[in-house]
file start09.cif (mmCIF, C-alpha atoms)
data_model
#
loop_
_atom_site.label_atom_id
_atom_site.label_comp_id
_atom_site.auth_asym_id
_atom_site.auth_seq_id
_atom_site.Cartn_x
_atom_site.Cartn_y
_atom_site.Cartn_z
CA MET A 15 37.12 -120.92 -110.51
CA SER A 16 36.90 -124.16 -112.45
CA GLY A 17 33.15 -123.66 -112.89
CA ALA A 18 33.76 -120.19 -114.31
CA MET A 19 36.31 -121.60 -116.74
CA GLN A 20 33.87 -124.28 -117.82
CA ARG A 21 31.24 -121.64 -118.51
CA VAL A 22 33.74 -119.66 -120.56
CA GLU A 23 34.67 -122.79 -122.52
CA ARG A 24 31.03 -123.38 -123.36
CA MET A 25 30.69 -119.83 -124.72
CA ARG A 26 31.42 -119.34 -128.37
CA PRO A 27 34.08 -116.73 -129.22
CA PRO A 28 32.94 -113.65 -131.17
CA ASN A 29 33.29 -114.16 -134.88
CA ARG A 30 33.73 -111.66 -137.67
CA ARG A 31 30.03 -110.92 -138.03
CA GLY A 32 29.75 -110.19 -134.33
CA PHE A 33 31.49 -106.84 -134.85
CA LEU A 34 29.28 -105.69 -137.73
CA PRO A 35 26.16 -104.64 -135.72
CA TRP A 36 28.26 -101.97 -134.02
CA LEU A 37 28.08 -100.00 -137.26
CA LEU A 38 24.50 -99.16 -136.31
CA ILE A 39 25.79 -96.46 -133.95
CA LEU A 40 26.37 -94.36 -137.07
CA THR A 41 22.65 -94.44 -137.92
CA GLY A 42 22.05 -90.88 -136.67
CA ASP A 43 24.86 -89.48 -138.80
CA VAL A 44 23.62 -91.40 -141.84
CA VAL A 45 20.12 -89.96 -141.36
CA ASP A 46 21.53 -86.42 -141.14
CA LEU A 47 23.53 -87.09 -144.27
CA CYS A 48 20.50 -88.36 -146.19
CA ARG A 49 18.39 -85.36 -145.14
CA GLY A 50 21.02 -82.94 -146.34
CA ARG A 51 21.83 -81.56 -142.93
CA LEU A 52 25.55 -81.93 -143.59
CA PRO A 53 27.51 -79.92 -146.16
CA LEU A 54 28.77 -81.66 -149.28
CA PRO A 55 26.64 -84.76 -148.77
CA TRP A 56 28.30 -86.62 -151.66
CA LEU A 57 31.69 -86.23 -150.00
CA GLY A 58 30.29 -87.37 -146.67
CA ALA A 59 28.71 -90.41 -148.35
CA ALA A 60 32.03 -91.30 -149.97
CA GLY A 61 33.80 -90.94 -146.63
CA LEU A 62 31.16 -93.06 -144.90
CA ALA A 63 31.43 -95.80 -147.54
CA ALA A 64 35.21 -95.80 -147.20
CA PHE A 65 34.95 -95.97 -143.40
CA VAL A 66 32.50 -98.90 -143.42
CA THR A 67 34.55 -100.79 -146.01
CA LEU A 68 37.80 -100.29 -144.11
CA TYR A 69 36.18 -101.16 -140.77
CA VAL A 70 34.85 -104.47 -142.10
CA THR A 71 38.15 -105.24 -143.83
CA THR A 72 40.20 -104.45 -140.71
CA VAL A 73 38.06 -106.61 -138.43
CA PHE A 74 38.04 -109.52 -140.86
CA LEU A 75 41.81 -109.38 -141.35
CA GLY A 76 42.40 -109.09 -137.59
CA LEU A 77 40.35 -112.24 -136.95
CA ASP A 78 41.90 -114.24 -139.80
CA GLU A 79 44.51 -116.51 -138.21
CA ARG A 80 46.34 -116.98 -141.51
CA ARG A 81 46.74 -113.23 -142.19
CA ARG A 82 46.84 -111.92 -138.65
CA GLU A 83 50.64 -111.94 -138.45
CA THR A 84 51.06 -110.15 -141.79
CA HIS A 85 51.17 -106.38 -142.32
CA ALA A 86 47.71 -106.33 -143.94
CA PRO A 87 45.67 -105.82 -140.71
CA SER A 88 47.93 -102.98 -139.51
CA ALA A 89 47.84 -101.29 -142.91
CA SER A 90 44.05 -101.52 -143.02
CA LEU A 91 43.83 -100.15 -139.47
CA ALA A 92 46.05 -97.20 -140.42
CA ALA A 93 43.83 -96.43 -143.43
CA LEU A 94 40.73 -96.65 -141.22
CA ALA A 95 42.30 -94.21 -138.75
CA ALA A 96 43.12 -91.79 -141.58
CA VAL A 97 39.53 -91.83 -142.87
CA THR A 98 38.18 -91.41 -139.30
CA TYR A 99 40.32 -88.36 -138.62
CA ALA A 100 39.50 -86.91 -142.05
CA LEU A 101 35.76 -87.23 -141.49
CA THR A 102 35.97 -85.75 -138.01
CA PHE A 103 38.17 -82.81 -138.97
CA GLY A 104 36.12 -82.13 -142.11
CA TYR A 105 32.68 -82.30 -140.50
CA GLY A 106 33.47 -81.22 -136.97
CA GLY A 107 31.82 -83.16 -134.18
CA ASP A 108 29.22 -84.89 -136.36
CA TRP A 109 31.27 -88.05 -136.87
CA LEU A 110 32.73 -88.54 -133.40
CA LEU A 111 31.03 -91.92 -133.13
CA CYS A 112 33.50 -93.24 -135.68
CA PHE A 113 36.13 -93.26 -132.93
CA PRO A 114 34.53 -96.04 -130.80
CA LEU A 115 34.40 -98.17 -133.95
CA LEU A 116 38.02 -97.33 -134.70
CA SER A 117 38.84 -98.33 -131.11
CA LEU A 118 37.07 -101.68 -131.58
CA ALA A 119 39.07 -102.34 -134.75
CA ALA A 120 42.29 -101.38 -132.94
CA GLY A 121 41.45 -103.83 -130.14
CA VAL A 122 40.97 -106.63 -132.69
CA VAL A 123 44.20 -105.95 -134.60
CA LEU A 124 46.51 -104.98 -131.73
CA ARG A 125 45.24 -107.39 -129.05
CA GLY A 126 48.52 -109.29 -129.01
CA SER A 127 50.64 -106.18 -128.37
CA GLY A 128 49.88 -104.54 -125.04
CA PRO A 129 52.04 -101.39 -125.35
CA ARG A 130 50.91 -100.59 -128.89
CA LEU A 131 47.26 -101.19 -128.01
CA GLY A 132 47.50 -99.03 -124.88
CA ALA A 133 49.10 -96.17 -126.80
CA ALA A 134 46.51 -96.38 -129.58
CA LEU A 135 43.53 -96.42 -127.20
CA ALA A 136 44.93 -93.56 -125.12
CA THR A 137 45.41 -91.51 -128.29
CA LEU A 138 41.85 -92.17 -129.46
CA GLY A 139 40.32 -91.31 -126.09
CA THR A 140 42.34 -88.12 -125.87
CA THR A 141 41.42 -87.15 -129.42
CA VAL A 142 37.71 -87.50 -128.72
CA GLY A 143 38.03 -85.39 -125.59
CA VAL A 144 39.95 -82.62 -127.40
CA LEU A 145 37.52 -82.51 -130.32
CA MET A 146 34.54 -82.28 -127.98
CA ALA A 147 36.24 -79.43 -126.09
CA VAL A 148 37.06 -77.60 -129.31
CA HIS A 149 33.42 -77.75 -130.39
CA ASN A 150 32.20 -76.63 -126.95
CA ASP A 151 30.59 -79.98 -126.34
CA THR A 152 31.97 -80.58 -122.85
CA GLU A 153 28.99 -82.48 -121.44
CA ASP A 154 30.02 -86.05 -120.52
CA VAL A 155 33.36 -85.55 -122.25
CA LEU A 156 35.16 -87.84 -119.79
CA ALA A 157 32.55 -90.58 -120.10
CA ILE A 158 32.66 -90.53 -123.91
CA SER A 159 36.46 -90.39 -124.03
CA TRP A 160 36.72 -93.25 -121.55
CA GLY A 161 34.05 -95.24 -123.41
CA THR A 162 36.00 -94.84 -126.65
CA ALA A 163 39.15 -96.25 -125.11
CA LEU A 164 37.25 -98.91 -123.19
CA SER A 165 35.55 -100.33 -126.28
CA GLY A 166 38.88 -101.37 -127.79
CA LEU A 167 40.15 -102.62 -124.45
CA VAL A 168 37.10 -104.84 -123.93
CA ALA A 169 37.31 -106.23 -127.47
CA ALA A 170 40.98 -107.11 -127.01
CA ALA A 171 40.39 -108.64 -123.57
CA LEU A 172 37.53 -110.86 -124.80
CA LEU A 173 39.45 -112.08 -127.83
CA ASN A 174 42.56 -112.78 -125.75
CA LEU A 175 40.45 -114.66 -123.19
CA PHE A 176 38.87 -116.94 -125.77
CA GLU A 177 42.22 -117.52 -127.49
CA THR A 178 43.79 -118.42 -124.14
CA VAL A 179 40.97 -120.83 -123.37
CA GLU A 180 41.41 -122.42 -126.79
CA ARG A 181 45.13 -122.87 -126.20
CA LEU A 182 44.44 -124.35 -122.77
CA ARG A 183 41.94 -126.76 -124.28
CA ALA A 184 44.45 -127.84 -126.93
CA THR A 185 47.16 -128.27 -124.28
CA ARG A 186 44.82 -130.31 -122.11
CA GLU A 187 44.02 -132.59 -125.03
CA GLU A 188 47.72 -133.04 -125.75
CA LEU A 189 48.41 -133.88 -122.11
CA ALA A 190 45.54 -136.37 -122.08
CA HIS A 191 46.86 -137.98 -125.24
CA ALA A 192 50.37 -138.16 -123.77
CA ALA A 193 48.98 -139.73 -120.59
CA VAL A 194 47.18 -142.36 -122.66
CA GLU A 195 50.36 -143.11 -124.58
CA ARG A 196 52.37 -143.44 -121.36
CA GLU A 197 49.77 -145.78 -119.88
CA ARG A 198 49.70 -147.80 -123.09
CA LEU A 199 53.49 -148.12 -122.99
CA ARG A 200 53.41 -149.09 -119.30
CA PHE A 201 50.81 -151.76 -119.94
CA SER A 202 52.70 -153.05 -122.97
CA ARG A 203 55.89 -153.39 -120.93
CA ASP A 204 54.16 -155.04 -117.98
CA LEU A 205 52.23 -157.44 -120.18
CA HIS A 206 55.36 -158.42 -122.08
CA ASP A 207 57.36 -159.00 -118.93
CA LEU A 208 54.56 -160.84 -117.15
CA LEU A 209 53.49 -163.13 -119.96
CA GLY A 210 57.00 -163.73 -121.28
CA HIS A 211 58.24 -164.95 -117.92
CA THR A 212 55.08 -166.82 -116.97
CA MET A 213 54.77 -168.68 -120.28
CA SER A 214 58.43 -169.67 -120.07
CA VAL A 215 57.85 -171.12 -116.59
CA ILE A 216 54.75 -172.99 -117.75
CA VAL A 217 56.53 -174.41 -120.82
CA VAL A 218 59.55 -175.55 -118.80
CA LYS A 219 57.44 -177.17 -116.08
CA ALA A 220 55.15 -178.80 -118.65
CA GLU A 221 58.22 -180.34 -120.26
CA ALA A 222 59.29 -181.52 -116.81
CA VAL A 223 55.88 -183.14 -116.29
CA ARG A 224 56.21 -184.92 -119.62
CA ARG A 225 59.68 -186.23 -118.73
CA LEU A 226 58.82 -187.25 -115.16
CA ALA A 227 55.36 -188.77 -115.71
CA PRO A 228 56.55 -192.18 -117.02
CA ARG A 229 59.01 -192.81 -114.14
CA ASP A 230 58.06 -190.56 -111.19
CA LEU A 231 54.38 -189.75 -111.00
CA ASP A 232 54.63 -187.91 -107.66
CA ALA A 233 57.31 -185.55 -109.00
CA ALA A 234 55.23 -184.97 -112.14
CA VAL A 235 52.20 -184.13 -110.01
CA GLY A 236 54.35 -181.66 -108.05
CA GLN A 237 55.40 -179.95 -111.27
CA ALA A 238 51.77 -179.85 -112.42
CA ALA A 239 50.83 -178.20 -109.13
CA ASP A 240 53.55 -175.61 -109.77
CA ILE A 241 52.02 -174.91 -113.18
CA GLU A 242 48.65 -174.31 -111.55
CA ALA A 243 50.21 -172.00 -108.94
CA VAL A 244 52.11 -170.07 -111.61
CA GLY A 245 48.96 -169.67 -113.69
CA ARG A 246 46.96 -168.36 -110.74
CA GLN A 247 49.75 -165.97 -109.80
CA ALA A 248 49.94 -164.76 -113.41
CA LEU A 249 46.21 -163.97 -113.40
CA THR A 250 46.65 -161.91 -110.23
CA GLU A 251 49.62 -160.05 -111.63
CA ILE A 252 47.86 -159.27 -114.90
CA ARG A 253 44.90 -157.83 -113.01
CA GLU A 254 47.30 -155.70 -110.95
CA ALA A 255 49.12 -154.58 -114.08
CA VAL A 256 45.83 -153.52 -115.66
CA THR A 257 44.95 -151.39 -112.66
CA GLY A 258 48.49 -150.00 -112.47
CA TYR A 259 49.18 -150.98 -108.85
CA ARG A 260 51.55 -153.87 -109.35
CA GLU A 261 54.92 -153.65 -107.60
CA GLY A 262 57.44 -156.41 -108.05
CA SER A 263 59.56 -157.85 -105.28
CA LEU A 264 63.24 -158.64 -105.77
CA THR A 265 63.11 -161.43 -103.20
CA THR A 266 60.10 -163.02 -104.88
CA GLU A 267 61.66 -162.77 -108.32
CA LEU A 268 64.90 -164.34 -107.10
CA GLU A 269 62.93 -167.27 -105.69
CA ARG A 270 61.01 -167.64 -108.94
CA ALA A 271 64.27 -167.42 -110.89
CA ARG A 272 65.76 -170.26 -108.86
CA SER A 273 62.66 -172.40 -109.41
CA LEU A 274 62.58 -171.70 -113.16
CA LEU A 275 66.30 -172.34 -113.66
CA ASP A 276 66.20 -175.55 -111.61
CA ALA A 277 63.23 -176.81 -113.59
CA SER A 278 65.13 -176.01 -116.79
CA GLY A 279 68.12 -178.03 -115.66
CA ILE A 280 70.33 -174.96 -115.25
CA ALA A 281 72.58 -174.85 -112.18
CA THR A 282 71.83 -171.72 -110.17
CA ASP A 283 74.03 -169.55 -107.98
CA ILE A 284 72.25 -166.61 -106.32
CA ARG A 285 74.10 -164.23 -104.02
CA GLN A 286 72.69 -161.12 -102.34
CA SER A 287 74.52 -158.71 -100.05
CA GLY A 288 74.21 -155.18 -98.77
CA PRO A 289 71.58 -153.18 -96.86
CA PRO A 290 67.83 -153.52 -97.49
CA LEU A 291 66.66 -151.79 -100.66
CA PRO A 292 63.86 -149.22 -100.99
CA PRO A 293 60.65 -150.76 -102.38
CA GLN A 294 60.82 -149.01 -105.75
CA THR A 295 64.46 -149.94 -106.32
CA ALA A 296 63.72 -153.56 -105.40
CA ALA A 297 60.72 -153.55 -107.76
CA LEU A 298 62.82 -152.32 -110.69
CA LEU A 299 65.52 -154.90 -110.02
CA GLY A 300 62.81 -157.55 -109.79
CA TRP A 301 61.81 -156.71 -113.35
CA VAL A 302 65.44 -157.03 -114.45
CA VAL A 303 65.77 -160.46 -112.80
CA ARG A 304 62.51 -161.62 -114.39
CA GLU A 305 63.50 -160.53 -117.89
CA GLY A 306 67.12 -161.64 -117.62
CA VAL A 307 66.30 -165.13 -116.35
CA THR A 308 63.54 -165.53 -118.96
CA ASN A 309 66.07 -164.78 -121.71
CA VAL A 310 68.56 -167.24 -120.21
CA VAL A 311 65.95 -170.02 -120.27
CA ARG A 312 64.66 -169.13 -123.73
CA HIS A 313 67.79 -168.38 -125.69
CA SER A 314 71.07 -169.23 -123.98
CA ALA A 315 71.17 -173.06 -123.81
CA ALA A 316 73.29 -172.51 -120.69
CA ALA A 317 74.24 -175.08 -118.08
CA ARG A 318 74.89 -172.56 -115.33
CA CYS A 319 73.52 -169.15 -114.36
CA ALA A 320 74.76 -166.82 -111.61
CA ILE A 321 72.79 -163.91 -110.16
CA GLU A 322 74.50 -161.43 -107.84
CA VAL A 323 72.90 -158.47 -106.06
CA ARG A 324 75.46 -156.24 -104.39
CA GLY A 325 74.11 -153.29 -102.45
CA GLU A 326 76.01 -150.20 -101.34
CA PRO A 327 74.85 -147.20 -99.28
CA ASP A 328 73.99 -145.13 -102.33
CA ARG A 329 73.89 -147.60 -105.21
CA VAL A 330 72.96 -151.21 -105.98
CA HIS A 331 74.54 -153.49 -108.56
CA LEU A 332 72.79 -156.48 -110.17
CA GLU A 333 74.60 -158.91 -112.44
CA ILE A 334 73.24 -161.97 -114.27
CA THR A 335 75.74 -164.18 -116.12
CA ASP A 336 75.44 -167.51 -117.88
CA ASP A 337 77.76 -169.89 -119.76
CA GLY A 338 75.50 -170.31 -122.76
CA ARG A 339 76.02 -169.44 -126.39
CA GLY A 340 76.26 -165.69 -125.83
CA VAL A 341 72.66 -164.84 -126.74
CA GLY A 342 70.52 -163.26 -124.06
CA SER A 343 69.61 -159.69 -124.83
CA ALA A 344 66.25 -158.72 -126.18
CA SER A 345 67.95 -156.98 -129.08
CA ALA A 346 69.67 -160.18 -130.10
CA GLU A 347 66.48 -162.13 -130.59
CA PRO A 348 63.73 -161.61 -133.18
CA ASP A 349 60.96 -161.80 -130.58
CA GLY A 350 62.64 -159.15 -128.45
CA ALA A 351 63.60 -156.76 -131.21
CA LYS A 352 60.29 -154.98 -131.20
CA GLY A 353 60.41 -151.48 -129.76
CA GLY A 354 59.24 -151.05 -126.18
CA THR A 355 59.69 -154.70 -125.11
CA GLY A 356 62.34 -156.84 -123.47
CA LEU A 357 65.55 -155.28 -122.25
CA LYS A 358 64.87 -152.15 -124.29
CA GLY A 359 61.88 -151.38 -122.10
CA LEU A 360 63.89 -152.15 -118.96
CA THR A 361 66.65 -149.80 -120.13
CA GLU A 362 64.10 -146.98 -120.40
CA ARG A 363 62.71 -147.74 -116.93
CA LEU A 364 66.12 -147.75 -115.29
CA ALA A 365 67.21 -144.61 -117.13
CA ALA A 366 64.10 -142.82 -115.82
CA ALA A 367 65.21 -143.77 -112.29
CA GLY A 368 68.77 -142.53 -112.82
CA GLY A 369 70.17 -146.02 -113.41
CA ALA A 370 71.66 -147.91 -116.32
CA LEU A 371 71.40 -151.32 -117.98
CA ALA A 372 74.12 -153.01 -120.02
CA ALA A 373 74.01 -156.38 -121.78
CA GLY A 374 76.38 -158.27 -124.04
CA PRO A 375 78.50 -161.37 -124.56
CA ASP A 376 80.69 -162.38 -121.61
CA GLY A 377 83.97 -163.40 -123.18
CA LYS A 378 84.03 -166.18 -125.74
CA ARG A 379 81.03 -167.96 -124.27
CA GLY A 380 78.14 -166.80 -122.18
CA PHE A 381 76.15 -163.63 -121.68
CA ARG A 382 76.29 -160.89 -119.06
CA LEU A 383 73.53 -158.52 -117.94
CA VAL A 384 74.40 -155.67 -115.55
CA ALA A 385 71.98 -153.19 -113.95
CA GLU A 386 72.84 -150.31 -111.61
CA LEU A 387 70.45 -148.09 -109.70
CA PRO A 388 70.75 -145.29 -107.14
CA VAL A 389 69.03 -146.01 -103.83
CA ASP A 390 69.03 -142.58 -102.23
CA ASP A 391 67.09 -140.40 -104.69
CA GLU A 392 63.42 -140.74 -103.87
CA GLU A 393 62.38 -138.20 -106.50
CA GLU A 394 64.02 -140.17 -109.29
CA GLU A 395 62.45 -143.36 -108.03
CA GLY A 396 59.04 -141.69 -107.94
CA ARG A 397 59.40 -140.70 -111.58
CA ALA A 398 60.34 -144.25 -112.51
CA ALA A 399 57.17 -145.53 -110.83
#
call {"tool": "encode", "arguments": {"input": "start09.cif", "output": "structure tokens"}}
result
Amino acid sequence: MSGAMQRVERMRPPNRRGFLPWLLILTGDVVDLCRGRLPLPWLGAAGLAAFVTLYVTTVFLGLDERRRETHAPSASLAALAAVTYALTFGYGGDWLLCFPLLSLAAGVVLRGSGPRLGAALATLGTTVGVLMAVHNDTEDVLAISWGTALSGLVAAALLNLFETVERLRATREELAHAAVERERLRFSRDLHDLLGHTMSVIVVKAEAVRRLAPRDLDAAVGQAADIEAVGRQALTEIREAVTGYREGSLTTELERARSLLDASGIATDIRQSGPPLPPQTAALLGWVVREGVTNVVRHSAAARCAIEVRGEPDRVHLEITDDGRGVGSASAEPDGAKGGTGLKGLTERLAAAGGALAAGPDGKRGFRLVAELPVDDEEEEGRAA
């Protein structure tokens, strides 16, 4: 099926000029008119010129996307039908081949309206059959009547098919563009969270090396080894973020938070209770811990930081508080005010998983970050992933 659709997509839809060669089916009637075999040849020539002009106008208007929804195509089709019936009634059965052309024009104009098109084609096919019976031309009457109706039906079906394929192609391009934008946003969030936290750890531990080196070389070497380990881990995480397979761990992030806060000289109190968390919920909370602790180290000038994870059967609560100067949210800092980064990005992630994130000053001094997530809705968690 997909191969057939690809072949259809490679085909070019019929354009306006594609319907003009069908006028050649009137060649026999034109020859009879030129040889004087028809009465009142000047009147027949005028009728033929009017028919050709209206046929071309109707087809062109029906294929013009800007004028297709106006009344002009229908009015032109009605005039073409009037000229067709006038020629046929005036000259008997000599101009019956005008009806297949009228059917083609009806298929072009009425292709978007099934009931109207069906009624029009049925009327044309019946008219051809009746006229042939009246003029005692009953040979192949059913085939000709059916062919008249079928010509408009085929024209409408082909045009609708190509228009549907074009809409599908446009929709596919929009979906591809949206997927690229989502992936770009995901990568931007991951890169911000990864590098923001990692660079903060490296800066803090480098400062510790500088302070410890003059008086405690072994401790300074230990901090330098931590910097190397953090850098290697950051390279691994960035590669995983690029490929889209990275999943954080709440336990790992809590351990890293303790190490970062201790190295920054901030007293740490971490408490965790409740049942084990699903992997996706733990991963989302790991991002919150990473971002929250990074903001505490960067902006709060706090002396103490508390992290509490409290799990319940259907919901988990994470709270990060500090006693700093009341600055900790991404929106409160110039470097975090950019759209799609910091706590703003985390808020979007948690909202997609059915959770919520709140941040703000904690009383007169300090800052408080609270995240809540459901733990029993796998579908919501899958969307957040």
call {"tool": "residues_around", "arguments": {"input": "start09.cif", "residues": "Val73 in chain A", "least_positions_apart": "2", "cutoff": "9 Å", "atoms": "only C-alpha atoms", "output": "list in words"}}
result
Arg30, Phe33, Leu34, Leu68, Tyr69, Val70, Thr71, Leu75, Gly76, Leu77, Asp78, Pro87, Leu91, Leu118, Ala119, Ala120, Val122 and Val123 of chain A
call {"tool": "write_last_selection", "arguments": {"input": "start09.cif", "atoms": "C-alpha atoms", "output": "PDB file, in the frame of the given file"}}
result
ATOM      1  CA  ARG A  30      33.730-111.660-137.670  1.00  0.00           C
ATOM      2  CA  PHE A  33      31.490-106.840-134.850  1.00  0.00           C
ATOM      3  CA  LEU A  34      29.280-105.690-137.730  1.00  0.00           C
ATOM      4  CA  LEU A  68      37.800-100.290-144.110  1.00  0.00           C
ATOM      5  CA  TYR A  69      36.180-101.160-140.770  1.00  0.00           C
ATOM      6  CA  VAL A  70      34.850-104.470-142.100  1.00  0.00           C
ATOM      7  CA  THR A  71      38.150-105.240-143.830  1.00  0.00           C
ATOM      8  CA  LEU A  75      41.810-109.380-141.350  1.00  0.00           C
ATOM      9  CA  GLY A  76      42.400-109.090-137.590  1.00  0.00           C
ATOM     10  CA  LEU A  77      40.350-112.240-136.950  1.00  0.00           C
ATOM     11  CA  ASP A  78      41.900-114.240-139.800  1.00  0.00           C
ATOM     12  CA  PRO A  87      45.670-105.820-140.710  1.00  0.00           C
ATOM     13  CA  LEU A  91      43.830-100.150-139.470  1.00  0.00           C
ATOM     14  CA  LEU A 118      37.070-101.680-131.580  1.00  0.00           C
ATOM     15  CA  ALA A 119      39.070-102.340-134.750  1.00  0.00           C
ATOM     16  CA  ALA A 120      42.290-101.380-132.940  1.00  0.00           C
ATOM     17  CA  VAL A 122      40.970-106.630-132.690  1.00  0.00           C
ATOM     18  CA  VAL A 123      44.200-105.950-134.600  1.00  0.00           C
TER      19      VAL A 123
END
call {"tool": "atom_distance", "arguments": {"input": "start09.cif", "atom1": "CA of Leu138 in chain A", "atom2": "CA of Arg49 in chain A"}}
result
29.0 Å
call {"tool": "atom_distance", "arguments": {"input": "start09.cif", "atom1": "CA of Leu101 in chain A", "atom2": "CA of Pro129 in chain A"}}
result
26.9 Å
call {"tool": "resolve_selection", "arguments": {"input": "start09.cif", "expression": "the PyMOL selection byres ((chain A and resi 137) around 12)", "output": "list in words"}}
result
Ala95, Tyr99, Phe113, Leu116, Ser117, Ala120, Arg130, Leu131, Gly132, Ala133, Ala134, Leu135, Ala136, Leu138, Gly139, Thr140, Thr141, Val142, Gly143, Val144, Ser159, Trp160, Thr162, Ala163 and Gly166 of chain A
call {"tool": "write_last_selection", "arguments": {"input": "start09.cif", "atoms": "C-alpha atoms", "output": "PDB file, in the frame of the given file"}}
result
ATOM      1  CA  ALA A  95      42.300 -94.210-138.750  1.00  0.00           C
ATOM      2  CA  TYR A  99      40.320 -88.360-138.620  1.00  0.00           C
ATOM      3  CA  PHE A 113      36.130 -93.260-132.930  1.00  0.00           C
ATOM      4  CA  LEU A 116      38.020 -97.330-134.700  1.00  0.00           C
ATOM      5  CA  SER A 117      38.840 -98.330-131.110  1.00  0.00           C
ATOM      6  CA  ALA A 120      42.290-101.380-132.940  1.00  0.00           C
ATOM      7  CA  ARG A 130      50.910-100.590-128.890  1.00  0.00           C
ATOM      8  CA  LEU A 131      47.260-101.190-128.010  1.00  0.00           C
ATOM      9  CA  GLY A 132      47.500 -99.030-124.880  1.00  0.00           C
ATOM     10  CA  ALA A 133      49.100 -96.170-126.800  1.00  0.00           C
ATOM     11  CA  ALA A 134      46.510 -96.380-129.580  1.00  0.00           C
ATOM     12  CA  LEU A 135      43.530 -96.420-127.200  1.00  0.00           C
ATOM     13  CA  ALA A 136      44.930 -93.560-125.120  1.00  0.00           C
ATOM     14  CA  LEU A 138      41.850 -92.170-129.460  1.00  0.00           C
ATOM     15  CA  GLY A 139      40.320 -91.310-126.090  1.00  0.00           C
ATOM     16  CA  THR A 140      42.340 -88.120-125.870  1.00  0.00           C
ATOM     17  CA  THR A 141      41.420 -87.150-129.420  1.00  0.00           C
ATOM     18  CA  VAL A 142      37.710 -87.500-128.720  1.00  0.00           C
ATOM     19  CA  GLY A 143      38.030 -85.390-125.590  1.00  0.00           C
ATOM     20  CA  VAL A 144      39.950 -82.620-127.400  1.00  0.00           C
ATOM     21  CA  SER A 159      36.460 -90.390-124.030  1.00  0.00           C
ATOM     22  CA  TRP A 160      36.720 -93.250-121.550  1.00  0.00           C
ATOM     23  CA  THR A 162      36.000 -94.840-126.650  1.00  0.00           C
ATOM     24  CA  ALA A 163      39.150 -96.250-125.110  1.00  0.00           C
ATOM     25  CA  GLY A 166      38.880-101.370-127.790  1.00  0.00           C
TER      26      GLY A 166
END
call {"tool": "residues_around", "arguments": {"input": "start09.cif", "residues": "Ala233 in chain A", "least_positions_apart": "6", "cutoff": "10 Å", "atoms": "only C-alpha atoms", "output": "ChimeraX atom specification"}}
result
/A:222-223,226-227,239
call {"tool": "closest_residue", "arguments": {"input": "start09.cif", "among": "A:Gly126, A:Gly236, A:Pro293, A:Gly325", "to": "Leu175 in chain A", "atoms": "all atoms listed in the file"}}
result
A:Gly126
call {"tool": "resolve_selection", "arguments": {"input": "start09.cif", "expression": "the PyMOL selection byres ((chain A and resi 267) around 9)", "output": "MDAnalysis selection string"}}
result
chainID A and resid 262:266 268:272 299:301 303:304
call {"tool": "atom_distance", "arguments": {"input": "start09.cif", "atom1": "CA of Val218 in chain A", "atom2": "CA of Arg339 in chain A"}}
result
19.1 Å
call {"tool": "residues_around", "arguments": {"input": "start09.cif", "residues": "Glu333 in chain A", "least_positions_apart": "2", "cutoff": "8 Å", "atoms": "only C-alpha atoms", "output": "ChimeraX atom specification"}}
result
/A:320-323,331,335,382-385
call {"tool": "resolve_selection", "arguments": {"input": "start09.cif", "expression": "the PyMOL selection byres ((chain A and resi 371) around 10)", "output": "ChimeraX atom specification"}}
result
/A:302,332-333,357-358,360-365,369-370,372-373,383-387
call {"tool": "residues_around", "arguments": {"input": "start09.cif", "residues": "Gly279 in chain A", "least_positions_apart": "5", "cutoff": "12 Å", "atoms": "all atoms listed in the file", "output": "PyMOL selection string"}}
result
chain A and resi 218-219+221-222+272-274+310-311+315-319
call {"tool": "decode", "arguments": {"input": "start09.cif", "residues": "range 137-145 of chain A", "atoms": "N, CA and C atoms", "output": "compact mmCIF listing (two decimals), in the first residue's frame"}}
result
# COMPACT_ATOMS: atom_id res chain seq x y z
N THR A 137 -28.23 12.69 -14.00
CA THR A 137 -29.09 13.44 -14.93
C THR A 137 -28.51 13.43 -16.33
N LEU A 138 -27.20 13.63 -16.44
CA LEU A 138 -26.57 13.65 -17.77
C LEU A 138 -26.65 12.28 -18.43
N GLY A 139 -26.35 11.23 -17.68
CA GLY A 139 -26.43 9.89 -18.26
C GLY A 139 -27.84 9.54 -18.71
N THR A 140 -28.81 9.90 -17.90
CA THR A 140 -30.21 9.63 -18.27
C THR A 140 -30.61 10.43 -19.50
N THR A 141 -30.17 11.69 -19.56
CA THR A 141 -30.51 12.53 -20.70
C THR A 141 -29.98 11.95 -22.00
N VAL A 142 -28.74 11.48 -21.98
CA VAL A 142 -28.16 10.88 -23.19
C VAL A 142 -28.95 9.66 -23.61
N GLY A 143 -29.31 8.82 -22.64
CA GLY A 143 -30.09 7.63 -22.96
C GLY A 143 -31.44 7.97 -23.56
N VAL A 144 -32.14 8.95 -23.01
CA VAL A 144 -33.46 9.34 -23.52
C VAL A 144 -33.35 9.92 -24.93
N LEU A 145 -32.36 10.78 -25.15
CA LEU A 145 -32.20 11.37 -26.48
C LEU A 145 -31.89 10.31 -27.53
